[in-house]
Structure formats: C-alpha cells, structure tokens
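To keep things clear, I will list the structure first and then write my remarks on it.
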Amino acid sequence: MKKFIESISNVWKIEELKNRILITLGLLLVYRFGAHVTLPGIDATQLTTLAGQTKSGIGSILDMFTGGAFSKASVFALGIMPYISASIVVQLMGIAIPYLQKLQSDGESGRKKINQITRWLTIGITLLQGPTYIYNLYRTLPSSAFLLGFNSFEFLFSSVIILVTGTIFAMWLGEKITDKGIGNGISLLIMVGILARFPQAFIQEFTTRVTNNNGGPMLLVIEIIIWLLVIVACVLLTMAIRKIPVQYARRTTSGDYEQDLMGGNRQWIPLKLNASGVMPIIFAQAIMFIPAAVAGLSKSEASQSIAGAFSNMFGFWYNFLFATLIVVFTFFYTAITVPTNKMSDDLKRSGGFIPGVRPGAETSDFLDKVMSLITFPGSLFLALIAVFPAIVVSVMDVQQSWAMFFGGTSLIIMVGVAIDTIQQINSYLLNKHYDGLMKSGKNRKAVA
C-alpha cells in the first residue's frame with residue numbers, strides 16, 4: 001500500500017500530467033452538471049413516471065449510458081450516444097465506400113475529414129432521435145408537466161434544438177478531454193455516466209439484503225466477491241493476446257542471406273483475444289429492439305407473447321438470441337477491423353516473416369486462421385459476460401439495477417476505459433523516469 005501511495009504521489013509531481021488530470025475532472029464535472037438541467041418547459045417535479053420507465057428493461061440501458069439524464073428529461077438526455085452511432089455508421093460505410101477508404105489511408109488529413117463527416121452525421125441522427133424522445137415524453141408525462149402547453153410547437157421546436165445542442169456540446173467536451181486531458185474523452189463520458197448510477201444501485205441492493213433481511217449481509221458479501229471476480233474476468237478478456245513470433249533479418253556487409261537470417265531480431269505480433277471490444281454487444285443490443293417492435297405491431301395473442309419475451313432483457317429467450325448475435329457480430333467486426341492482408345503486406349515490406357510460414361498470401365491466411373481460432377472462445381466469453389446480469393438476477397435474485405454492473409456493455413466499457421487511462425498515465429510516468437503505477441514509484445536514476 002505504501003508503494004502504491006508513493007506511485008500516486010508521483011503523478012502530481014509531473015506538472016503536465018497534473019494539469020491534464022485536473023482539466024479532465026473539470027470537464028467531466030461540467031458534463032455531470034448538465035445531466036441534471038431539465039429541458040425548459042418541463043416541470044421537474046413531475047418526472048416520476050419517466051423515472052419509473054427507466055427502472056428496468058431497455059429504458060434502464062438508455063438511462064445508464066446517459067448517466068441518468070434520460071430519466072431527468074435533461075438537456076443531455078440523448079447523451080453522447082448519437083455520436084457513437086455516427087462513428088459506427090461511418091466505420092461500416094468505410095468498407096463499401098471508396099471515398100471513405102481513401103480518407104482512412106490519407107493519414108492525419110484523412111482522419112480530420114472523417115471526424116468532420118462523423119460530426120455532421122451526429123447532428124442528423126440527433127435531429128431524428130430528438131423528436132422521438134419528445135414524443136416519448138408526451139406519452140409518459142402528464143399534460144400538466146408541460147409548462148408551455150401539451151403538444152405545443154414552441155416546446156417541440158425549442159426542445160429538439162436544445163437536445164441537438166446538448167449532444168454537440170457533449171461531443172465537444174469529449175474531444176477536449178482527449179486533446180487537453182487524459183484518456184479517451186468520449187469513453188470517459190460514457191463511463192462517468194455509468195458510474196453515476198452505481199451508488200444508488202448498491203444502496204438499493206444493500207437495503208434489500210440487509211435492512212429488509214432478504215438474504216442478510218453474508219449474501220451481499222458473496223455478491224461483491226462474484227462482482228470482483230467478474231471484473232477480473234473482464235480485465236483478462238480485455239488484455240489477453242496471442243503472440244505470433246516474427247523474425248526480422250539483420251542486414252550485414254557480407255551479403256550472406258543465410259547469416260543475415262540467423263542473426264535477425266525476433267519480435268512478435270499481438271493478436272487480441274477480443275479484438276472487437278464492446279462493439280458486438282452494442283450491435284446486438286441495437287438489433288434486440290427489433291423483435292419486440294415488430295411483434296408489437298400485431299394485436300394477436302402470439303405476437304404479444306413474442307413482444308413480451310423479447311422486451312424482458314432478463315428473460316431466457318432474450319438472452320439466448322442476444323448471446324447468439326454477440327458471437328456472430330464478434331466474428332463480423334473482427335473480420336472488418338483486423339486487416340490480416342495489410343498486416344501481411346507490412347510484414348513483408350519491412351523484411352519480416354513468421355517462422356515456418358511463407359511471406360505474402362500464406363502469411364495472410366495463417367493470421368486469418370489464428371484470428372478465427374482465438375475469436376471463437378473470445379466471442380463465447382464475451383457473450384457470457386454480456387448475459388451474466390440475467391444469470392445473477394435469476395439465480396441470486398439480485399436487484400436489476402445492481403445486476404447491470406455484473407456484466408454487459410457497462411462493465412466492459414468501465415474496464416476498458418480504466419485500463420486505457422491507466423496506460424496513458426503510465427506512459428507519462430515512464431517518460432519522466434518514474435516507474436508506472438504498478439511499480440515501486442521511485443524516481444529512476446536516468447538522465448533526462
């Protein structure tokens with residue numbers, strides 16, 4: 001513990017790192033403040049029914065990603081999710097549209113143009129989602145909650161403009177955190193929104209177990225131990241890699257190829273067990289809205305039964321289809337984001353090769369085969385973590401709000417963002433001749 005405290009104190013000895021952390025905390029505080037600012041024209045005291053809508057089911061997921069702003073009818077009610085949706089669309093369109101493919105290969109200038117396209121698409125998505133959110137308020141809240149009048153054009157127009165502005169401002173905050181702060185700004189905004197619901201969820205579970213004597217404190221301790229084990233499993237899933245050995249020929253003046261080959265530098269290519277990250281869960285989550293919506297269009301008893309089954313995110317059939325889609329999307333997203341052909345070409349161009357594998361097409365096929373072999377267990381593990389909240393609800397009778405922290409998108413995002421942020425802090429410490437956060441924290445005897 002003493003060494004850890006010393007390591008933390010070293011963070012504040014680096015002026016640039018300290019300033020970046022303070023800027024990050026300040027911008028995150030601004031975002032959390034905005035999540036509590038209700039849309040003008042709505043009586044904040046009459047949002048009880050809207051909060052009840054987000055206590056379970058799909059609404060709880062939307063509210064979690066916005067840090068409670070969705071249930072508060074906040075100016076940040078749509079959060080940063082339209083930007084995430086736009087980023088996914090642009091990334092997928094980059095596979096089929098040659099112009100976007102060219103931009104992706106143009107380096108920094110291409111990246112800036114892609115970012116600009118993503119921003120404009122974010123505005124378009126928000127303009128579509130804004131009226132939908134207002135329509136949901138009309139259906140959920142009593143007419144007396146609308147101070148400018150129920151279904152008034154003034155309220156609809158001004159609210160949509162404010163929601164669009166709120167999303168753009170949140171996007172700007174995320175980009176500023178990335179540029180001026182520490183960590184990935186967009187991911188940090190999502191993580192802070194998820195963590196905002198953690199205290200309330202834990203208090204509810206504590207009250208149920210201890211105060212209401214539903215299992216007692218011992219069962220609560222068991223839940224915490226299981227939760228910590230799931231976090232460890234998520235860390236292992238995020239960090240796990242398969243090392244592919246690579247040999248680089250060392251050039252000498254003799255020109256003897258055989259001698260060069262034997263004296264080469266040996267390195268390795270890291271292939272991640274879960275190269276797709278949290279994206280398969282996000283894709284699958286979006287698809288899961290469709291069965292209930294389609295079945296709900298019909299008034300037949302069978303359709304209503306199907307709609308009910310796929311509206312219960314803790315039910316068997318919902319999670320069975322959810323897990324299946326995650327496995328499928330994991331392979332799909334890995335295939336489009338891990339360019340084995342490009343890796344093979346870059347390796348050949350740099351004079352490297354995989355021992356026992358010929359450079360070129362054979363290397364590409366080998367890397368593709370290895371990725372397929374490690375992606376399958378990775379996808380199953382990811383699917384298990386995604387449906388684990390439903391498992392703890394059915395087996396241990398855990399509160400649904402608390403169960404959401406036992407897996408799924410929220411836990412994987414939190415683990416991934418935490419690891420990324422710690423790695424960035426480590427890089428600052430190492431550059432200033434300090435050991436990382438997991439080291440002793442003593443100043444290295446190195447010349448600056």
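FYI, nothing fancy with the structure tokens labels: chains A, B, ... in order, residues from 1 per chain, ligands from 1 as they appear.
Excluding Ile241 in chain A and any residue on its chain fewer than 3 positions from it, the residues at most 10 Å away by only C-alpha atoms are A:Leu236, A:Leu237, A:Thr238, A:Ile244, A:Ile269, A:Pro270, A:Leu271, A:Lys272, A:Leu273, A:Asn274, A:Ala275, A:Ile374.
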I need the chosen residues saved as a short mmCIF file (atom, residue, chain, number, x, y, z; two decimals), in the first residue's frame, with all heavy atoms.
data_model
loop_
_atom_site.label_atom_id
_atom_site.label_comp_id
_atom_site.auth_asym_id
_atom_site.auth_seq_id
_atom_site.Cartn_x
_atom_site.Cartn_y
_atom_site.Cartn_z
N LEU A 236 -9.03 -9.76 -17.88
CA LEU A 236 -8.32 -10.81 -18.62
C LEU A 236 -8.79 -10.86 -20.07
O LEU A 236 -7.98 -11.03 -20.99
CB LEU A 236 -8.54 -12.17 -17.94
CG LEU A 236 -7.95 -12.32 -16.54
CD1 LEU A 236 -8.31 -13.69 -15.96
CD2 LEU A 236 -6.43 -12.16 -16.58
N LEU A 237 -10.10 -10.71 -20.29
CA LEU A 237 -10.63 -10.72 -21.65
C LEU A 237 -10.11 -9.54 -22.45
O LEU A 237 -9.79 -9.67 -23.64
CB LEU A 237 -12.17 -10.69 -21.60
CG LEU A 237 -12.89 -10.61 -22.95
CD1 LEU A 237 -12.62 -11.86 -23.77
CD2 LEU A 237 -14.39 -10.42 -22.76
N THR A 238 -10.01 -8.39 -21.80
CA THR A 238 -9.54 -7.19 -22.49
C THR A 238 -8.05 -7.24 -22.81
O THR A 238 -7.61 -6.80 -23.87
CB THR A 238 -9.84 -5.93 -21.64
OG1 THR A 238 -11.24 -5.88 -21.35
CG2 THR A 238 -9.44 -4.66 -22.37
N ILE A 244 2.24 -13.90 -31.91
CA ILE A 244 2.73 -14.58 -33.11
C ILE A 244 4.19 -14.18 -33.32
O ILE A 244 4.48 -13.01 -33.56
CB ILE A 244 1.90 -14.18 -34.36
CG1 ILE A 244 0.42 -14.45 -34.11
CG2 ILE A 244 2.40 -14.92 -35.58
CD1 ILE A 244 0.10 -15.91 -33.88
N ILE A 269 3.85 -10.42 -33.06
CA ILE A 269 2.63 -9.68 -33.38
C ILE A 269 1.57 -10.02 -32.33
O ILE A 269 1.26 -11.20 -32.14
CB ILE A 269 2.10 -10.04 -34.78
CG1 ILE A 269 3.14 -9.73 -35.86
CG2 ILE A 269 0.80 -9.31 -35.08
CD1 ILE A 269 2.73 -10.19 -37.24
N PRO A 270 1.01 -9.03 -31.64
CA PRO A 270 -0.03 -9.33 -30.65
C PRO A 270 -1.41 -9.36 -31.30
O PRO A 270 -1.88 -8.38 -31.86
CB PRO A 270 0.08 -8.15 -29.67
CG PRO A 270 0.58 -7.01 -30.52
CD PRO A 270 1.42 -7.61 -31.61
N LEU A 271 -2.07 -10.50 -31.24
CA LEU A 271 -3.45 -10.64 -31.72
C LEU A 271 -4.36 -10.77 -30.51
O LEU A 271 -4.22 -11.71 -29.71
CB LEU A 271 -3.58 -11.88 -32.63
CG LEU A 271 -2.74 -11.88 -33.92
CD1 LEU A 271 -2.99 -13.16 -34.70
CD2 LEU A 271 -3.09 -10.66 -34.77
N LYS A 272 -5.27 -9.83 -30.36
CA LYS A 272 -6.11 -9.79 -29.17
C LYS A 272 -7.18 -10.87 -29.21
O LYS A 272 -7.78 -11.15 -30.25
CB LYS A 272 -6.78 -8.41 -29.04
CG LYS A 272 -5.80 -7.25 -28.92
CD LYS A 272 -6.50 -5.95 -28.56
CE LYS A 272 -7.05 -5.99 -27.15
NZ LYS A 272 -7.60 -4.69 -26.74
N LEU A 273 -7.44 -11.45 -28.04
CA LEU A 273 -8.49 -12.45 -27.92
C LEU A 273 -9.85 -11.84 -28.23
O LEU A 273 -10.70 -12.46 -28.86
CB LEU A 273 -8.48 -13.04 -26.50
CG LEU A 273 -9.54 -14.11 -26.21
CD1 LEU A 273 -9.27 -15.36 -27.02
CD2 LEU A 273 -9.57 -14.43 -24.72
N ASN A 274 -10.04 -10.59 -27.80
CA ASN A 274 -11.29 -9.86 -28.09
C ASN A 274 -10.93 -8.60 -28.85
O ASN A 274 -10.89 -7.50 -28.29
CB ASN A 274 -12.03 -9.54 -26.79
CG ASN A 274 -13.32 -8.77 -27.05
OD1 ASN A 274 -13.95 -8.93 -28.08
ND2 ASN A 274 -13.70 -7.93 -26.11
N ALA A 275 -10.65 -8.75 -30.14
CA ALA A 275 -10.22 -7.60 -30.95
C ALA A 275 -11.34 -6.62 -31.23
O ALA A 275 -11.10 -5.47 -31.56
CB ALA A 275 -9.64 -8.11 -32.28
N ILE A 374 -8.85 -17.90 -32.19
CA ILE A 374 -8.90 -17.24 -30.89
C ILE A 374 -10.16 -16.40 -30.73
O ILE A 374 -10.57 -16.09 -29.61
CB ILE A 374 -7.65 -16.37 -30.66
CG1 ILE A 374 -7.59 -15.20 -31.65
CG2 ILE A 374 -6.39 -17.20 -30.75
CD1 ILE A 374 -6.44 -14.26 -31.40
#
Item to check | Distance query range 218-230 of chain A at most 9 Å, only C-alpha atoms, self and fewer than 3 positions along chain excluded, as an NGL selection string | outcome: :A and (205-206 or 209-210 or 214-215 or 233-235 or 385 or 392 or 396 or 398 or 405-407 or 411)
Item to check | Atom-to-atom span, CA of Gln247 in chain A and CA of Pro355 in chain A, Å | outcome: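 Distance between the two atoms: 6.6 Å.
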Checklist entry - Separation of CA of Trp172 in chain A and CA of Ile80 in chain A, in Å? => result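 Taking CA of Trp172 in chain A and CA of Ile80 in chain A, their separation equals 10.0 Å.
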Next on the checklist: When you look at Phe353 in chain A with a cut-off of 7 Å (counting only C-alpha atoms), what residues show up, excluding the ones that are within fewer than 4 positions of it in the same chain? I need them as a list in words.
Outcome noted: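 Counting only the stated atoms, we get Val246, Gln247, Tyr248, Leu347, Lys348 and Pro359 of chain A.
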Checklist entry - Can you tell me, as a PyMOL selection string, what residues are no more than 8 Å from Phe366 in chain A when counting only C-alpha atoms, ignoring any on the same chain fewer than 4 positions away? => result chain A and resi 357+362+370
Checklist entry - Between A:Asp63, A:Asp368, A:Asp345, A:Glu15, which one has atoms that come closest to Gly193 in chain A, using only C-alpha atoms? => result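 Checking each candidate against Gly193 in chain A, we get A:Asp63 as the closest.
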Next on the checklist: Just checking: using only C-alpha atoms, which residue out of A:Met171, A:Leu22, A:Ala201, A:Met371 ends up closest to Tyr83 in chain A?
Outcome noted: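 When distances to Tyr83 in chain A are compared using only C-alpha atoms, the smallest one comes from A:Met171.
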Checklist entry - Which of range 87-174 of chain A counts as alpha helix (DSSP H) under DSSP, as JSON, numbers by chain please? => result {"A": [87, 88, 89, 90, 91, 92, 93, 94, 95, 96, 98, 99, 100, 101, 102, 103, 104, 108, 109, 110, 111, 112, 113, 114, 115, 116, 117, 118, 119, 120, 121, 122, 123, 124, 125, 126, 127, 128, 129, 130, 131, 132, 133, 134, 135, 136, 137, 138, 139, 140, 153, 154, 155, 156, 157, 158, 159, 160, 161, 162, 163, 164, 165, 166, 167, 168, 169, 170, 171, 172, 173, 174]}
Checklist entry - Distance CA of Ile425 in chain A-CA of Asn19 in chain A, one decimal place? => result 12.3 Å
Need to verify the contact set: Leu25 in chain A, 10 Å, only C-alpha atoms, exclusion of same-chain residues closer than 6 positions in sequence. Can you return it as a PDB file with N, CA and C atoms, in the first residue's frame?
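To be explicit, this is the file written out as part-v9.pdb:
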ATOM      1  N   ASN A  19      -1.975  18.832 -14.660  1.00  0.00           N
ATOM      2  CA  ASN A  19      -2.895  19.749 -15.332  1.00  0.00           C
ATOM      3  C   ASN A  19      -3.900  19.001 -16.207  1.00  0.00           C
ATOM      4  N   TYR A  31     -20.054  18.085 -17.490  1.00  0.00           N
ATOM      5  CA  TYR A  31     -20.975  17.128 -18.117  1.00  0.00           C
ATOM      6  C   TYR A  31     -21.994  16.595 -17.116  1.00  0.00           C
ATOM      7  N   ILE A 177     -11.424  16.665 -23.838  1.00  0.00           N
ATOM      8  CA  ILE A 177     -10.775  15.789 -22.860  1.00  0.00           C
ATOM      9  C   ILE A 177      -9.675  14.982 -23.544  1.00  0.00           C
ATOM     10  N   GLY A 181      -6.900  16.692 -21.968  1.00  0.00           N
ATOM     11  CA  GLY A 181      -6.934  15.935 -20.725  1.00  0.00           C
ATOM     12  C   GLY A 181      -6.199  14.614 -20.841  1.00  0.00           C
ATOM     13  N   ILE A 182      -6.706  13.618 -20.125  1.00  0.00           N
ATOM     14  CA  ILE A 182      -6.089  12.300 -20.087  1.00  0.00           C
ATOM     15  C   ILE A 182      -7.147  11.263 -20.431  1.00  0.00           C
TER      16      ILE A 182
END
